[in-house]
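Chemist: Just one file: input13.txt, with compact mmCIF, C-alpha atoms and all ligand atoms.
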```txt
# COMPACT_ATOMS: atom_id res chain seq x y z
CA MET A 30 27.37 -8.79 6.13
CA LYS A 31 25.76 -7.94 2.81
CA LEU A 32 22.06 -8.77 2.54
CA LEU A 33 20.44 -8.86 -0.89
CA ILE A 34 16.88 -7.57 -1.17
CA ALA A 35 15.36 -9.96 -3.71
CA THR A 36 12.57 -7.98 -5.36
CA HIS A 37 11.79 -6.28 -8.65
CA ASN A 38 9.41 -3.85 -6.94
CA THR A 39 11.21 -0.54 -6.28
CA HIS A 40 8.60 0.47 -3.67
CA LYS A 41 9.45 -2.63 -1.65
CA VAL A 42 13.17 -1.78 -1.91
CA GLU A 43 12.42 1.65 -0.42
CA GLU A 44 10.35 0.15 2.42
CA PHE A 45 12.94 -2.56 3.16
CA SER A 46 15.74 0.03 3.21
CA ARG A 47 13.81 2.34 5.55
CA ILE A 48 12.69 -0.35 7.98
CA LEU A 49 15.96 -2.33 8.07
CA ALA A 50 18.11 0.83 8.28
CA PRO A 51 18.76 0.39 12.06
CA LEU A 52 20.46 -2.98 11.40
CA GLU A 53 24.21 -2.84 11.05
CA ILE A 54 24.27 -4.68 7.75
CA GLU A 55 24.80 -3.58 4.17
CA ILE A 56 21.58 -3.82 2.18
CA VAL A 57 22.10 -4.28 -1.55
CA THR A 58 20.04 -4.93 -4.67
CA ALA A 59 21.04 -6.82 -7.82
CA ASP A 60 19.71 -7.61 -11.27
CA ILE A 61 18.31 -11.07 -10.54
CA SER A 62 15.99 -13.42 -12.44
CA GLU A 63 12.30 -13.65 -11.59
CA PRO A 64 11.43 -17.17 -10.42
CA ILE A 65 7.97 -18.64 -11.01
CA GLU A 66 5.88 -17.83 -7.94
CA ASN A 67 3.76 -20.96 -7.87
CA GLY A 68 3.39 -21.31 -4.10
CA LYS A 69 -0.07 -21.56 -2.53
CA THR A 70 0.79 -19.22 0.33
CA PHE A 71 2.62 -15.93 0.80
CA ALA A 72 5.23 -17.78 2.88
CA GLU A 73 5.90 -20.34 0.14
CA ASN A 74 6.33 -17.63 -2.49
CA ALA A 75 8.62 -15.54 -0.29
CA PHE A 76 10.84 -18.60 0.19
CA ILE A 77 10.84 -19.37 -3.56
CA LYS A 78 12.07 -15.81 -4.30
CA ALA A 79 14.67 -15.70 -1.52
CA GLU A 80 16.07 -19.15 -2.30
CA ALA A 81 16.33 -18.43 -6.04
CA ALA A 82 18.17 -15.14 -5.39
CA CYS A 83 20.52 -16.76 -2.86
CA LYS A 84 21.37 -19.57 -5.32
CA GLU A 85 21.89 -17.13 -8.18
CA THR A 86 24.16 -14.70 -6.32
CA GLY A 87 25.70 -16.77 -3.52
CA MET A 88 24.58 -14.04 -1.09
CA PRO A 89 22.14 -14.14 1.83
CA ALA A 90 18.88 -12.97 0.24
CA VAL A 91 15.62 -11.70 1.73
CA ALA A 92 12.29 -11.55 -0.11
CA ASP A 93 8.75 -10.44 0.62
CA ASP A 94 5.58 -11.92 -0.79
CA SER A 95 2.54 -9.90 0.01
CA GLY A 96 -0.95 -8.96 -1.01
CA ILE A 97 -4.38 -7.81 -0.07
CA CYS A 98 -7.05 -10.29 1.13
CA VAL A 99 -10.68 -9.20 1.02
CA ASP A 100 -13.15 -11.00 3.30
CA SER A 101 -16.17 -10.65 1.01
CA LEU A 102 -14.14 -12.12 -1.89
CA ASP A 103 -13.13 -15.18 0.17
CA GLY A 104 -9.59 -13.83 0.65
CA ALA A 105 -8.98 -12.83 -2.99
CA PRO A 106 -6.86 -11.37 -4.55
CA GLY A 107 -4.47 -12.87 -1.93
CA VAL A 108 -1.35 -14.41 -3.48
CA TYR A 109 -2.62 -13.24 -6.88
CA SER A 110 -2.63 -9.53 -5.85
CA ALA A 111 0.09 -8.58 -8.35
CA ARG A 112 -1.82 -10.30 -11.19
CA TYR A 113 -5.42 -9.42 -10.24
CA GLY A 114 -7.51 -8.69 -13.34
CA GLY A 115 -4.91 -10.17 -15.70
CA GLU A 116 -1.37 -9.40 -16.83
CA GLY A 117 -2.29 -6.24 -18.81
CA LEU A 118 -3.20 -4.08 -15.78
CA ASP A 119 -0.96 -1.71 -13.81
CA ASP A 120 -1.35 -0.83 -10.09
CA ARG A 121 -4.11 1.68 -10.86
CA GLY A 122 -5.96 -0.76 -13.14
CA ARG A 123 -5.85 -3.46 -10.47
CA LEU A 124 -7.23 -1.26 -7.71
CA LEU A 125 -10.00 0.00 -10.00
CA LYS A 126 -10.86 -3.63 -10.85
CA LEU A 127 -11.06 -4.44 -7.13
CA LEU A 128 -13.33 -1.44 -6.52
CA GLU A 129 -15.55 -2.58 -9.40
CA ASP A 130 -15.73 -6.13 -8.02
CA MET A 131 -16.83 -4.67 -4.67
CA GLU A 132 -19.37 -2.24 -6.08
CA ASN A 133 -22.31 -3.95 -4.39
CA VAL A 134 -20.59 -4.87 -1.12
CA PRO A 135 -22.13 -2.90 1.77
CA GLU A 136 -20.13 -0.76 4.19
CA ASP A 137 -20.13 -3.34 7.01
CA LYS A 138 -18.83 -6.16 4.77
CA ARG A 139 -15.74 -4.41 3.33
CA GLN A 140 -13.11 -5.80 5.74
CA ALA A 141 -9.69 -6.64 4.31
CA ASN A 142 -6.13 -7.23 5.37
CA PHE A 143 -2.68 -6.79 3.93
CA THR A 144 -0.30 -9.68 4.60
CA SER A 145 3.47 -9.77 4.16
CA ALA A 146 5.59 -12.91 4.42
CA ILE A 147 9.35 -12.48 4.64
CA SER A 148 11.85 -15.21 3.95
CA CYS A 149 15.62 -14.92 4.20
CA VAL A 150 17.86 -17.69 2.90
CA PHE A 151 21.58 -18.07 3.62
CA PRO A 152 24.11 -19.84 1.39
CA ASN A 153 24.56 -22.57 4.06
CA GLY A 154 20.82 -23.37 3.85
CA ASP A 155 19.80 -21.56 7.05
CA ARG A 156 16.53 -19.71 6.82
CA ILE A 157 14.62 -17.02 8.74
CA ASP A 158 10.88 -16.40 8.18
CA ALA A 159 8.54 -13.70 9.48
CA GLN A 160 4.98 -12.52 8.84
CA GLY A 161 3.00 -9.35 9.35
CA LYS A 162 -0.65 -8.44 8.89
CA CYS A 163 -2.64 -5.24 9.15
CA PHE A 164 -6.39 -4.84 9.06
CA GLY A 165 -8.70 -2.30 7.45
CA THR A 166 -11.51 -1.91 4.94
CA ILE A 167 -11.78 -1.30 1.22
CA GLY A 168 -12.84 2.27 0.41
CA TYR A 169 -15.09 3.46 -2.41
CA GLU A 170 -12.57 5.52 -4.39
CA PRO A 171 -8.77 5.93 -4.49
CA LYS A 172 -7.46 8.44 -1.94
CA GLY A 173 -3.91 9.78 -1.69
CA GLU A 174 -0.79 9.61 -3.81
CA SER A 175 1.66 7.96 -1.39
CA GLY A 176 2.72 4.33 -1.23
CA PHE A 177 1.92 1.96 -4.08
CA GLY A 178 -0.38 -0.84 -5.20
CA TYR A 179 -3.68 -0.97 -3.33
CA ASP A 180 -2.66 1.69 -0.74
CA PRO A 181 -5.12 4.35 -2.03
CA ILE A 182 -8.15 2.08 -1.36
CA PHE A 183 -7.02 0.40 1.88
CA MET A 184 -8.67 2.35 4.69
CA GLN A 185 -8.10 2.49 8.41
CA GLY A 186 -10.97 4.63 9.63
CA ASP A 187 -11.30 7.61 7.29
CA ILE A 188 -7.70 7.59 6.10
CA SER A 189 -6.22 5.49 3.31
CA PHE A 190 -2.69 4.09 3.29
CA GLY A 191 -2.18 6.31 0.23
CA GLU A 192 -2.60 9.33 2.51
CA LEU A 193 -0.04 8.25 5.12
CA SER A 194 3.53 9.54 5.47
CA ASP A 195 6.22 6.89 4.93
CA ALA A 196 6.88 6.73 8.68
CA GLU A 197 3.19 6.30 9.51
CA LYS A 198 2.73 3.56 6.88
CA ASP A 199 5.79 1.71 8.24
CA LYS A 200 4.34 1.92 11.76
CA ARG A 201 0.98 0.43 10.73
CA SER A 202 1.73 -1.76 7.73
CA HIS A 203 2.02 -5.51 7.23
CA ARG A 204 5.56 -5.00 5.89
CA GLY A 205 6.55 -2.79 8.80
CA LYS A 206 5.43 -5.60 11.14
CA SER A 207 7.01 -8.48 9.19
CA LEU A 208 10.31 -6.65 8.72
CA ARG A 209 10.57 -5.61 12.36
CA GLU A 210 9.99 -9.25 13.38
CA PHE A 211 12.57 -10.33 10.79
CA ALA A 212 15.10 -7.73 12.02
CA LYS A 213 14.81 -9.11 15.57
CA LYS A 214 15.28 -12.71 14.41
CA LEU A 215 18.21 -11.74 12.19
CA GLU A 216 19.97 -9.95 15.05
CA GLU A 217 19.55 -13.06 17.24
CA TYR A 218 20.79 -15.30 14.43
CA LEU A 219 23.89 -13.17 13.80
CA LYS A 220 24.62 -12.92 17.54
CA ASP A 221 24.55 -16.73 17.83
CA LYS A 222 26.92 -17.01 14.86
CA VAL A 223 29.50 -14.76 16.52
CA GLU A 224 29.22 -16.64 19.81
CA ILE A 225 29.86 -20.06 18.20
P1 LIG A 301 8.41 -8.94 -6.20
O1 LIG A 301 7.71 -10.28 -6.35
O2 LIG A 301 9.49 -8.75 -7.22
O3 LIG A 301 8.86 -8.66 -4.81
P2 LIG A 301 5.73 -7.85 -6.70
O4 LIG A 301 5.20 -6.45 -6.74
O5 LIG A 301 5.38 -8.74 -7.87
O6 LIG A 301 7.34 -7.76 -6.52
P3 LIG A 301 4.27 -9.62 -4.95
O7 LIG A 301 4.32 -10.78 -5.89
O8 LIG A 301 4.54 -9.88 -3.50
O9 LIG A 301 5.31 -8.49 -5.35
O10 LIG A 301 2.87 -8.92 -5.13
C1 LIG A 301 2.40 -8.07 -4.15
C2 LIG A 301 1.29 -7.20 -4.70
O11 LIG A 301 0.41 -6.91 -3.58
C3 LIG A 301 1.86 -5.85 -5.15
O12 LIG A 301 2.06 -5.85 -6.52
C4 LIG A 301 0.79 -4.87 -4.68
O13 LIG A 301 -0.15 -4.75 -5.67
C5 LIG A 301 0.17 -5.54 -3.47
N1 LIG A 301 0.81 -5.01 -2.26
C6 LIG A 301 1.73 -5.63 -1.46
N2 LIG A 301 2.13 -4.82 -0.47
C7 LIG A 301 1.47 -3.66 -0.64
C8 LIG A 301 1.48 -2.44 0.04
O14 LIG A 301 2.29 -2.21 1.07
N3 LIG A 301 0.68 -1.48 -0.40
C9 LIG A 301 -0.13 -1.66 -1.46
N4 LIG A 301 -0.18 -2.77 -2.19
C10 LIG A 301 0.61 -3.79 -1.78
```
In structure tokens, what does this structure look like?
Ligand code: ITT
Modeler:
Amino acid sequence: MKLLIATHNTHKVEEFSRILAPLEIEIVTADISEPIENGKTFAENAFIKAEAACKETGMPAVADDSGICVDSLDGAPGVYSARYGGEGLDDRGRLLKLLEDMENVPEDKRQANFTSAISCVFPNGDRIDAQGKCFGTIGYEPKGESGFGYDPIFMQGDISFGELSDAEKDKRSHRGKSLREFAKKLEEYLKDKVEI
């Protein structure tokens, strides 16, 4: 089976490919349109992206919607993580904006989590969903060159996600957790299909 990874984020493609590598399916990408992500939750947006890609290509499609939720900012940036601070900013600009917004937040109030919602939609309308979360704190300055997005300011203890190897990030991350749960559900789903 070919499974389309429905994302325009090349870092996500790399993480999907790494984490889903043990599955015996062919993972592909395609030049697909970007649907309007107007869901209120990560899960709604993941479904919007997967369903749009499945309809456009006729292939089973899997999408991730994810972001960083900061306790002291009432869960912001949340589903707006990719647009935090406005359309003009890049990854670096967004993380610097978040650091600025947290300038006066004390050490013991800097808790945050990364959340990833996965949705996979099949041409027959079947659907598989999964979620993953990981917890940490927001640092005071960017640390490390690995990963992407907010990784350099997301801390677990003294180490940022930007300082982790790929394998270590996959072990700890929201996307590692959501994709491993998805992989299990997909294997079950495909097994049932063969048995029918
Ligand atoms: P697609 O919608 O095309 O998949 P996107 O980058 O726009 O790509 P999202 O709408 O899900 O994806 O936005 C997620 C944002 O949250 C992303 O741009 C990052 O800034 C941040 N983010 C998500 N996962 C992350 C991770 O593992 N490490 C660091 N930042 C992450």
Chemist: For region 138-152 of chain A, work out the shell of residues within 8 Å, counting all atoms listed in the file and skipping chain neighbours fewer than 2 positions away, then give it as a count of residues only.
Modeler: 48
Chemist: Give me, as a tab-separated table, the closest atom pair and its distance (Å, one decimal) for every residue of chain A within a cut-off of 9 Å of ligand LIG 301 (chain A), counting all atoms listed in the file, rows sorted by chain and rising number.
Modeler:
```
residue	atom	partner	partner_atom	distance
A:Ile34	CA	A:LIG301	O3	8.9
A:Ala35	CA	A:LIG301	O3	6.7
A:Thr36	CA	A:LIG301	O2	3.7
A:His37	CA	A:LIG301	O2	3.7
A:Asn38	CA	A:LIG301	O6	4.4
A:Thr39	CA	A:LIG301	O6	8.2
A:His40	CA	A:LIG301	O4	8.3
A:Lys41	CA	A:LIG301	O3	6.8
A:Val42	CA	A:LIG301	O3	8.6
A:Glu44	CA	A:LIG301	O14	8.5
A:Glu63	CA	A:LIG301	O2	7.1
A:Pro64	CA	A:LIG301	O1	8.8
A:Glu66	CA	A:LIG301	O7	7.5
A:Phe71	CA	A:LIG301	O8	7.7
A:Asn74	CA	A:LIG301	O7	7.9
A:Ala75	CA	A:LIG301	O8	7.7
A:Lys78	CA	A:LIG301	O1	7.3
A:Ala92	CA	A:LIG301	O3	6.5
A:Asp93	CA	A:LIG301	O3	5.7
A:Asp94	CA	A:LIG301	O8	3.5
A:Ser95	CA	A:LIG301	O8	4.0
A:Gly96	CA	A:LIG301	O11	3.6
A:Ile97	CA	A:LIG301	O11	6.0
A:Pro106	CA	A:LIG301	O11	8.6
A:Gly107	CA	A:LIG301	O11	7.9
A:Val108	CA	A:LIG301	O10	7.1
A:Tyr109	CA	A:LIG301	O10	7.2
A:Ser110	CA	A:LIG301	O11	4.6
A:Ala111	CA	A:LIG301	O12	3.8
A:Arg112	CA	A:LIG301	O12	7.5
A:Tyr113	CA	A:LIG301	O13	8.4
A:Asp119	CA	A:LIG301	O13	8.7
A:Asp120	CA	A:LIG301	O13	6.0
A:Arg123	CA	A:LIG301	O13	7.6
A:Leu124	CA	A:LIG301	O13	8.2
A:Phe143	CA	A:LIG301	N2	6.8
A:Thr144	CA	A:LIG301	N2	7.4
A:Ser145	CA	A:LIG301	N2	6.9
A:Ala146	CA	A:LIG301	O8	8.5
A:Gly176	CA	A:LIG301	N3	6.2
A:Phe177	CA	A:LIG301	C9	4.9
A:Gly178	CA	A:LIG301	N4	3.6
A:Tyr179	CA	A:LIG301	C9	4.1
A:Asp180	CA	A:LIG301	C9	4.3
A:Pro181	CA	A:LIG301	C9	7.8
A:Ile182	CA	A:LIG301	C9	8.8
A:Phe183	CA	A:LIG301	C9	7.9
A:Phe190	CA	A:LIG301	N3	7.5
A:Gly191	CA	A:LIG301	N3	8.3
A:Lys198	CA	A:LIG301	O14	8.2
A:Asp199	CA	A:LIG301	O14	8.9
A:Ser202	CA	A:LIG301	O14	6.7
A:His203	CA	A:LIG301	O14	7.0
A:Arg204	CA	A:LIG301	O14	6.5
A:Gly205	CA	A:LIG301	O14	8.8
```
Chemist: To one decimal in Å, tell me the separation between CA of Arg121 (chain A) and CA of Ala105 (chain A).
Modeler: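 Interatomic distance here is 17.2 Å.
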Chemist: Looking at all atoms listed in the file, which of A:Glu73, A:Asp103, A:Thr86, A:Ile65 is the one that sits closest to Leu32 (chain A)?
Modeler: A:Thr86
Chemist: Tell me which protein, DNA and RNA residues are within 8 Å of region 213-216 of chain A, counting all atoms listed in the file, leaving out same-chain ones fewer than 4 positions away, and put them as a ChimeraX atom specification.
Modeler: /A:52,157,209,220
Chemist: One decimal, Å: what's the distance from CA of Met184 (chain A) over to CA of Met131 (chain A), could you say?
Modeler: 14.3 Å
Chemist: Given the choices A:Gly104, A:Gly186, A:Gly68, A:Pro171, which gets closest to Lys126 (chain A) if the distance is worked out from all atoms listed in the file?
Modeler: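 When distances to Lys126 (chain A) are compared using all atoms listed in the file, the smallest one comes from A:Pro171.
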Chemist: Just how far from CA of Gly173 (chain A) is CA of Asp195 (chain A), in Å to one decimal?
Modeler: 12.4 Å
Chemist: What's the 10 Å shell around Glu55 (chain A), counting all atoms listed in the file, without same-chain residues fewer than 6 positions away, as a list of chain:residue names?
Modeler: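 Listed by chain and then number, they are A:Met30, A:Lys31, A:Leu32, A:Leu33, A:Ser46, A:Leu49.
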Chemist: Complete the atoms of region 140-155 of chain A to N, CA and C atoms and put them out as an mmCIF file, keeping the file's coordinate frame.
Modeler:
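The new file out-v3.cif reads:
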```
data_model
loop_
_atom_site.group_PDB
_atom_site.id
_atom_site.type_symbol
_atom_site.label_atom_id
_atom_site.label_comp_id
_atom_site.auth_asym_id
_atom_site.auth_seq_id
_atom_site.Cartn_x
_atom_site.Cartn_y
_atom_site.Cartn_z
ATOM 1 N N GLN A 140 -14.349 -5.543 5.020
ATOM 2 C CA GLN A 140 -13.110 -5.800 5.740
ATOM 3 C C GLN A 140 -12.047 -6.450 4.843
ATOM 4 N N ALA A 141 -10.801 -6.078 5.096
ATOM 5 C CA ALA A 141 -9.690 -6.640 4.310
ATOM 6 C C ALA A 141 -8.431 -6.624 5.158
ATOM 7 N N ASN A 142 -7.434 -7.368 4.722
ATOM 8 C CA ASN A 142 -6.130 -7.230 5.370
ATOM 9 C C ASN A 142 -5.031 -7.285 4.338
ATOM 10 N N PHE A 143 -3.920 -6.647 4.687
ATOM 11 C CA PHE A 143 -2.680 -6.790 3.930
ATOM 12 C C PHE A 143 -1.837 -7.804 4.693
ATOM 13 N N THR A 144 -1.209 -8.722 3.966
ATOM 14 C CA THR A 144 -0.300 -9.680 4.600
ATOM 15 C C THR A 144 1.060 -9.610 3.915
ATOM 16 N N SER A 145 2.111 -9.706 4.712
ATOM 17 C CA SER A 145 3.470 -9.770 4.160
ATOM 18 C C SER A 145 4.190 -10.953 4.800
ATOM 19 N N ALA A 146 4.737 -11.821 3.938
ATOM 20 C CA ALA A 146 5.590 -12.910 4.420
ATOM 21 C C ALA A 146 7.011 -12.601 3.968
ATOM 22 N N ILE A 147 7.926 -12.730 4.918
ATOM 23 C CA ILE A 147 9.350 -12.480 4.640
ATOM 24 C C ILE A 147 10.073 -13.810 4.748
ATOM 25 N N SER A 148 10.980 -14.046 3.816
ATOM 26 C CA SER A 148 11.850 -15.210 3.950
ATOM 27 C C SER A 148 13.266 -14.773 3.621
ATOM 28 N N CYS A 149 14.208 -15.235 4.422
ATOM 29 C CA CYS A 149 15.620 -14.920 4.200
ATOM 30 C C CYS A 149 16.376 -16.239 4.142
ATOM 31 N N VAL A 150 17.145 -16.425 3.082
ATOM 32 C CA VAL A 150 17.860 -17.690 2.900
ATOM 33 C C VAL A 150 19.365 -17.414 2.837
ATOM 34 N N PHE A 151 20.117 -18.215 3.570
ATOM 35 C CA PHE A 151 21.580 -18.070 3.620
ATOM 36 C C PHE A 151 22.232 -19.155 2.765
ATOM 37 N N PRO A 152 23.432 -18.864 2.251
ATOM 38 C CA PRO A 152 24.110 -19.840 1.390
ATOM 39 C C PRO A 152 24.308 -21.212 2.060
ATOM 40 N N ASN A 153 24.395 -21.264 3.381
ATOM 41 C CA ASN A 153 24.560 -22.570 4.060
ATOM 42 C C ASN A 153 23.223 -23.288 4.266
ATOM 43 N N GLY A 154 22.127 -22.724 3.749
ATOM 44 C CA GLY A 154 20.820 -23.370 3.850
ATOM 45 C C GLY A 154 19.992 -22.885 5.027
ATOM 46 N N ASP A 155 20.592 -22.110 5.930
ATOM 47 C CA ASP A 155 19.800 -21.560 7.050
ATOM 48 C C ASP A 155 18.712 -20.639 6.491
#
```
